[in-house]
file upload.txt (compact mmCIF, C-alpha atoms)
# COMPACT_ATOMS: atom_id res chain seq x y z
CA MET J 1 18.47 1.36 48.53
CA LYS J 2 14.80 1.87 47.56
CA LYS J 3 15.24 5.62 47.96
CA ALA J 4 18.33 5.58 45.73
CA ILE J 5 16.52 3.62 43.04
CA SER J 6 13.59 6.05 43.18
CA VAL J 7 15.96 9.00 42.75
CA LEU J 8 17.65 7.33 39.77
CA LEU J 9 14.30 6.55 38.12
CA ALA J 10 13.13 10.12 38.64
CA ALA J 11 16.35 11.46 37.14
CA ALA J 12 16.02 9.12 34.17
CA THR J 13 12.45 10.30 33.58
CA VAL J 14 13.48 13.95 33.67
CA PHE J 15 16.37 13.25 31.30
CA THR J 16 14.07 11.43 28.86
CA LEU J 17 11.57 14.28 28.88
CA LEU J 18 14.32 16.86 28.37
CA VAL J 19 15.76 14.92 25.46
CA GLY J 20 12.29 14.60 23.93
CA CYS J 21 11.59 18.30 24.31
CA GLY J 22 15.02 19.14 22.98
CA SER J 23 14.51 17.10 19.83
CA LYS J 24 11.28 18.93 19.08
CA SER J 25 12.75 22.35 19.73
CA ALA J 26 15.55 21.50 17.34
CA GLY J 27 13.00 21.56 14.56
CA SER J 28 12.17 17.88 14.19
CA LYS J 29 9.74 17.25 11.35
CA LYS J 30 8.81 13.75 12.52
CA ILE J 31 5.37 13.14 14.03
CA VAL J 32 5.09 9.98 16.14
CA VAL J 33 1.53 8.69 16.49
CA GLY J 34 0.23 5.68 18.40
CA ALA J 35 -2.64 3.67 16.93
CA THR J 36 -4.31 0.28 16.93
CA PRO J 37 -3.55 -1.65 13.73
CA ALA J 38 -6.94 -1.54 12.00
CA PRO J 39 -8.41 0.73 10.95
CA HIS J 40 -6.41 3.48 12.68
CA ALA J 41 -2.87 2.66 11.54
CA GLU J 42 -4.19 1.96 8.05
CA ILE J 43 -5.91 5.33 7.91
CA LEU J 44 -2.77 7.05 9.17
CA ASN J 45 -0.80 5.36 6.41
CA ALA J 46 -3.26 6.84 3.91
CA ALA J 47 -2.36 10.30 5.23
CA LYS J 48 1.42 9.83 4.98
CA GLU J 49 1.87 11.27 1.48
CA ILE J 50 -0.20 14.34 2.32
CA LEU J 51 2.04 15.03 5.32
CA LYS J 52 5.17 14.34 3.29
CA GLU J 53 4.13 17.06 0.86
CA LYS J 54 3.91 19.43 3.84
CA GLY J 55 7.41 18.44 4.96
CA TYR J 56 6.50 16.06 7.76
CA GLU J 57 7.53 12.44 8.33
CA LEU J 58 4.83 10.32 9.99
CA GLU J 59 5.96 7.45 12.23
CA ILE J 60 3.20 5.09 13.35
CA LYS J 61 3.59 2.98 16.49
CA GLU J 62 1.03 0.18 16.73
CA PHE J 63 -0.60 -0.93 19.98
CA THR J 64 -2.94 -3.86 20.57
CA ASP J 65 -4.73 -2.53 23.64
CA TYR J 66 -6.54 0.62 24.78
CA VAL J 67 -4.30 1.56 27.73
CA GLN J 68 -0.70 1.82 26.53
CA PRO J 69 -1.27 4.36 23.72
CA ASN J 70 -2.64 6.86 26.25
CA LEU J 71 0.10 6.18 28.80
CA SER J 72 2.73 6.54 26.07
CA LEU J 73 1.24 9.85 24.95
CA HIS J 74 1.09 11.11 28.52
CA SER J 75 4.75 10.16 29.11
CA GLY J 76 5.92 11.99 25.98
CA ASP J 77 6.83 8.93 23.91
CA LEU J 78 4.19 9.91 21.34
CA ASP J 79 3.14 13.22 19.81
CA ALA J 80 -0.46 12.06 19.38
CA ASN J 81 -2.61 8.96 19.33
CA TYR J 82 -5.57 7.83 17.28
CA PHE J 83 -7.61 4.87 18.48
CA GLN J 84 -10.37 5.98 20.85
CA HIS J 85 -13.62 7.89 21.21
CA THR J 86 -14.14 10.82 23.57
CA PRO J 87 -16.18 8.99 26.27
CA TYR J 88 -13.33 6.48 26.64
CA LEU J 89 -10.77 9.30 26.76
CA ASP J 90 -12.76 11.20 29.41
CA ASP J 91 -13.01 8.07 31.54
CA PHE J 92 -9.29 7.34 31.12
CA ASN J 93 -8.31 10.90 32.10
CA ALA J 94 -10.46 10.70 35.22
CA GLU J 95 -9.08 7.33 36.31
CA GLN J 96 -5.42 7.83 35.40
CA LYS J 97 -5.11 11.56 36.24
CA THR J 98 -3.89 12.30 32.71
CA ASP J 99 -4.69 15.45 30.72
CA LEU J 100 -5.15 14.38 27.12
CA VAL J 101 -7.46 16.21 24.72
CA PRO J 102 -9.06 15.52 21.32
CA ILE J 103 -8.26 17.90 18.46
CA ALA J 104 -10.20 16.34 15.56
CA SER J 105 -13.00 13.82 15.02
CA ILE J 106 -12.11 11.45 12.18
CA HIS J 107 -14.39 8.44 11.90
CA TYR J 108 -17.02 6.26 13.52
CA GLU J 109 -17.01 2.47 13.79
CA PRO J 110 -20.44 0.90 14.30
CA LEU J 111 -20.47 -1.47 17.26
CA GLY J 112 -21.89 -4.84 16.25
CA ILE J 113 -23.49 -7.91 17.79
CA TYR J 114 -21.80 -10.92 16.21
CA PRO J 115 -22.90 -14.57 16.17
CA GLY J 116 -20.96 -17.18 18.12
CA LYS J 117 -22.64 -20.48 18.94
CA THR J 118 -26.03 -18.89 18.22
CA LYS J 119 -26.56 -17.56 14.71
CA SER J 120 -29.67 -15.42 15.25
CA LEU J 121 -30.89 -13.12 18.01
CA ASP J 122 -34.29 -14.83 17.80
CA ASP J 123 -32.62 -18.18 18.55
CA LEU J 124 -31.01 -17.07 21.81
CA LYS J 125 -31.96 -19.56 24.52
CA ASP J 126 -32.60 -18.93 28.18
CA GLY J 127 -29.27 -18.37 29.92
CA ALA J 128 -27.33 -17.69 26.70
CA GLN J 129 -23.81 -16.31 27.18
CA VAL J 130 -23.08 -12.82 25.87
CA ALA J 131 -19.52 -11.45 25.71
CA ILE J 132 -19.15 -7.68 26.11
CA PRO J 133 -16.15 -5.30 26.46
CA ASN J 134 -14.91 -4.89 30.03
CA ASP J 135 -13.94 -1.19 29.88
CA THR J 136 -16.50 1.20 31.31
CA THR J 137 -17.60 3.20 28.26
CA ASN J 138 -17.60 0.38 25.72
CA GLU J 139 -19.40 -1.93 28.12
CA ALA J 140 -22.19 0.63 28.50
CA ARG J 141 -22.28 1.12 24.75
CA ALA J 142 -22.63 -2.65 24.24
CA LEU J 143 -25.46 -2.86 26.75
CA LEU J 144 -27.25 0.05 25.08
CA LEU J 145 -27.04 -1.76 21.74
CA LEU J 146 -28.47 -4.92 23.30
CA GLU J 147 -31.26 -2.82 24.80
CA ALA J 148 -31.95 -1.21 21.41
CA ASN J 149 -32.49 -4.72 20.05
CA GLY J 150 -34.98 -5.68 22.73
CA LEU J 151 -32.81 -8.14 24.64
CA ILE J 152 -32.59 -6.25 27.94
CA LYS J 153 -33.75 -3.07 29.63
CA LEU J 154 -31.42 -0.75 31.54
CA ASP J 155 -31.90 1.76 34.32
CA PRO J 156 -32.29 5.00 32.31
CA ASN J 157 -30.15 6.83 34.87
CA ALA J 158 -27.11 4.64 34.16
CA GLY J 159 -26.32 6.24 30.79
CA LEU J 160 -22.77 5.80 29.53
CA LYS J 161 -21.71 4.22 32.85
CA ALA J 162 -24.12 1.28 32.59
CA THR J 163 -22.94 -2.17 33.70
CA PRO J 164 -24.80 -5.48 33.97
CA LYS J 165 -25.82 -4.36 37.48
CA ASP J 166 -27.99 -1.68 35.84
CA ILE J 167 -30.07 -4.21 33.90
CA THR J 168 -33.68 -3.95 35.11
CA GLU J 169 -35.21 -6.52 32.74
CA ASN J 170 -33.51 -9.61 31.32
CA PRO J 171 -36.29 -11.88 30.00
CA LYS J 172 -33.89 -14.47 28.55
CA ASN J 173 -31.66 -14.50 31.65
CA LEU J 174 -28.65 -13.69 29.51
CA LYS J 175 -25.30 -14.31 31.20
CA PHE J 176 -22.80 -11.52 30.60
CA ILE J 177 -19.10 -12.25 30.28
CA GLU J 178 -16.89 -9.18 30.53
CA ILE J 179 -13.80 -9.55 28.35
CA GLU J 180 -10.99 -7.23 27.26
CA ALA J 181 -12.10 -5.69 23.97
CA ALA J 182 -9.10 -7.06 22.08
CA GLN J 183 -10.11 -10.64 22.97
CA LEU J 184 -13.77 -10.49 21.94
CA VAL J 185 -13.36 -11.91 18.43
CA ARG J 186 -11.44 -14.84 19.89
CA SER J 187 -14.27 -15.46 22.36
CA LEU J 188 -16.92 -16.05 19.68
CA GLU J 189 -16.46 -19.82 19.59
CA ASP J 190 -17.11 -20.01 23.35
CA VAL J 191 -20.19 -17.76 23.70
CA ASP J 192 -23.57 -17.43 22.03
CA ILE J 193 -23.04 -13.84 20.84
CA ALA J 194 -20.51 -11.07 21.40
CA VAL J 195 -20.67 -7.30 21.12
CA ILE J 196 -17.44 -6.24 19.46
CA ASN J 197 -15.74 -2.89 18.88
CA GLY J 198 -15.34 -1.96 15.23
CA ASN J 199 -11.54 -1.91 15.13
CA TYR J 200 -11.17 -5.36 16.69
CA ALA J 201 -13.93 -6.75 14.48
CA ILE J 202 -12.03 -5.51 11.41
CA GLN J 203 -8.76 -7.01 12.68
CA GLY J 204 -10.61 -10.30 13.14
CA GLY J 205 -11.89 -10.28 9.57
CA LEU J 206 -15.43 -9.16 10.45
CA ASN J 207 -17.48 -6.33 8.96
CA ALA J 208 -20.42 -4.84 10.86
CA MET J 209 -22.27 -4.28 7.59
CA THR J 210 -22.20 -7.92 6.48
CA ASP J 211 -21.39 -10.09 9.52
CA ALA J 212 -23.18 -8.50 12.46
CA LEU J 213 -26.63 -9.63 13.60
CA ALA J 214 -27.31 -6.02 14.60
CA LYS J 215 -25.26 -2.83 14.70
CA GLU J 216 -25.37 0.82 15.61
CA GLU J 217 -26.78 2.90 12.78
CA LYS J 218 -24.79 5.80 11.32
CA ASP J 219 -27.63 8.25 11.97
CA SER J 220 -27.90 7.27 15.65
CA ILE J 221 -26.56 9.29 18.56
CA ALA J 222 -23.72 6.76 18.78
CA ALA J 223 -22.23 8.08 15.54
CA THR J 224 -21.48 11.46 17.12
CA THR J 225 -20.91 10.28 20.70
CA TYR J 226 -18.41 7.60 19.71
CA ALA J 227 -16.55 9.25 16.86
CA ASN J 228 -12.86 8.29 16.99
CA VAL J 229 -10.60 11.24 17.66
CA LEU J 230 -7.02 12.39 17.23
CA VAL J 231 -5.66 13.02 20.74
CA VAL J 232 -2.74 15.10 22.06
CA ARG J 233 -1.42 16.34 25.39
CA ARG J 234 -3.10 19.48 26.65
CA GLY J 235 -0.98 22.44 25.57
CA ASP J 236 -0.08 20.86 22.21
CA GLU J 237 -3.39 21.66 20.52
CA ASN J 238 -1.91 24.49 18.44
CA ARG J 239 1.31 22.82 17.36
CA GLU J 240 1.63 23.31 13.62
CA ASP J 241 2.70 19.70 12.96
CA LEU J 242 -0.30 18.30 14.83
CA LYS J 243 -2.69 20.67 13.07
CA ALA J 244 -1.19 19.46 9.78
CA LEU J 245 -1.80 15.86 10.89
CA ALA J 246 -5.43 16.64 11.75
CA ASP J 247 -5.94 18.30 8.37
CA ALA J 248 -4.41 15.33 6.56
CA LEU J 249 -6.67 12.86 8.38
CA ARG J 250 -9.70 14.96 7.46
CA SER J 251 -8.73 15.31 3.79
CA GLU J 252 -10.71 14.16 0.78
CA THR J 253 -7.98 11.60 0.06
CA VAL J 254 -8.49 9.95 3.44
CA ARG J 255 -12.27 10.15 3.16
CA LYS J 256 -12.18 8.21 -0.11
CA PHE J 257 -9.75 5.69 1.36
CA ILE J 258 -12.07 5.01 4.32
CA GLU J 259 -15.19 4.69 2.18
CA GLU J 260 -13.59 2.41 -0.41
CA LYS J 261 -11.62 0.16 1.94
CA TYR J 262 -14.10 -0.41 4.75
CA GLN J 263 -17.43 -0.41 2.89
CA GLY J 264 -19.43 0.99 5.80
CA ALA J 265 -17.59 -0.76 8.65
CA VAL J 266 -15.78 2.58 9.19
CA VAL J 267 -17.60 5.84 8.46
CA PRO J 268 -15.88 9.24 8.07
CA VAL J 269 -17.48 11.98 10.21
CA PHE J 270 -15.99 15.01 8.43
call {"tool": "encode", "arguments": {"input": "upload.txt", "output": "structure tokens"}}
result
Amino acid sequence: MKKAISVLLAAATVFTLLVGCGSKSAGSKKIVVGATPAPHAEILNAAKEILKEKGYELEIKEFTDYVQPNLSLHSGDLDANYFQHTPYLDDFNAEQKTDLVPIASIHYEPLGIYPGKTKSLDDLKDGAQVAIPNDTTNEARALLLLEANGLIKLDPNAGLKATPKDITENPKNLKFIEIEAAQLVRSLEDVDIAVINGNYAIQGGLNAMTDALAKEEKDSIAATTYANVLVVRRGDENREDLKALADALRSETVRKFIEEKYQGAVVPVF
């Protein structure tokens, strides 16, 4: 029975992929892109008219986590996705055995340290609780920001793989709580401070420029390392529709939209 079910599932997968490929070969002008709601889906919406003028229809599928948009792209349910930076993508490819590649850098979202129960970094007490993202690359990024603000010191060899185990000095005995990035804003009422990804901060009504106690600066190495990218399956890099999408996202229209809407909480990198 299990063998029969496996055969049926495999056949269904092949059929789905063939149907997907067939629809594209038939000259479909629709581009299906996965994104987190803010700012990525909003930025994609700003590019819709540009693509329409080029004869393409943009369909945006929203996701609320960092895993499903990559799995959906890998499986062929999406043509591209736009939600992540390259270090996260590299880590995901290595862990999940996927082969997804970036084709354009679009924007950078400063990571911020936001107040919870404690309203100032100077007021942090011994044993204060600090919420940080639980995925490998964003956790390291959060720890590096805390180090840059004098709260901890890390083993310099840890780099972008740093975890709380790599903390070599912790004078305030901070207690680190690893939480899924999407839940960090919600955790603020339960912890002293939280280090929150830009997109989830925006969704939670926060702006790194005005609400964060400290943030990554736009001229720091983080701005280039953690630029958010448009991602496709390897082999699709030269598809004309995806190149048109990349051009639309890097247009002057989209640049102005980002600058005016996000007021520094999202920074174009083109």
call {"tool": "axis_aligned_box", "arguments": {"input": "upload.txt", "around": "range 114-119 of chain J", "padding_each_side": "5 Å", "output": "JSON"}}
result
{"center_x": -23.8, "center_y": -15.7, "center_z": 16.8, "size_x": 15.6, "size_y": 19.6, "size_z": 14.2}
call {"tool": "closest_residue", "arguments": {"input": "upload.txt", "among": "J:Thr86, J:Thr98, J:Asn138, J:Asn149", "to": "Asp122 in chain J", "atoms": "only C-alpha atoms"}}
result
J:Asn149
call {"tool": "residues_around", "arguments": {"input": "upload.txt", "residues": "Val101 in chain J", "least_positions_apart": "3", "cutoff": "10 Å", "atoms": "all atoms listed in the file", "output": "VMD selection string"}}
result
chain J and resid 80 86 89 to 90 93 98 104 229 to 237
call {"tool": "closest_residue", "arguments": {"input": "upload.txt", "among": "J:Gly198, J:Gly150, J:Asp166, J:Val130", "to": "Glu178 in chain J", "atoms": "all atoms listed in the file"}}
result
J:Val130
call {"tool": "residues_near_point", "arguments": {"input": "upload.txt", "point": "(-15.1, -12.4, 22.7)", "cutoff": "8 Å", "atoms": "all atoms listed in the file", "output": "JSON list (two decimals) with C-alpha atoms, in the frame of the given file"}}
result
[["chain", "number", "residue", "atom", "x", "y", "z"],
["J", 131, "ALA", "CA", -19.52, -11.45, 25.71],
["J", 132, "ILE", "CA", -19.15, -7.68, 26.11],
["J", 179, "ILE", "CA", -13.80, -9.55, 28.35],
["J", 181, "ALA", "CA", -12.10, -5.69, 23.97],
["J", 183, "GLN", "CA", -10.11, -10.64, 22.97],
["J", 184, "LEU", "CA", -13.77, -10.49, 21.94],
["J", 185, "VAL", "CA", -13.36, -11.91, 18.43],
["J", 186, "ARG", "CA", -11.44, -14.84, 19.89],
["J", 187, "SER", "CA", -14.27, -15.46, 22.36],
["J", 188, "LEU", "CA", -16.92, -16.05, 19.68],
["J", 190, "ASP", "CA", -17.11, -20.01, 23.35],
["J", 191, "VAL", "CA", -20.19, -17.76, 23.70],
["J", 194, "ALA", "CA", -20.51, -11.07, 21.40],
["J", 195, "VAL", "CA", -20.67, -7.30, 21.12],
["J", 196, "ILE", "CA", -17.44, -6.24, 19.46]]
call {"tool": "atom_distance", "arguments": {"input": "upload.txt", "atom1": "CA of Asn45 in chain J", "atom2": "CA of Phe83 in chain J"}}
result
13.9 Å
call {"tool": "closest_residue", "arguments": {"input": "upload.txt", "among": "J:Ala182, J:Glu49, J:Pro164, J:Ile152", "to": "Phe63 in chain J", "atoms": "only C-alpha atoms"}}
result
J:Ala182
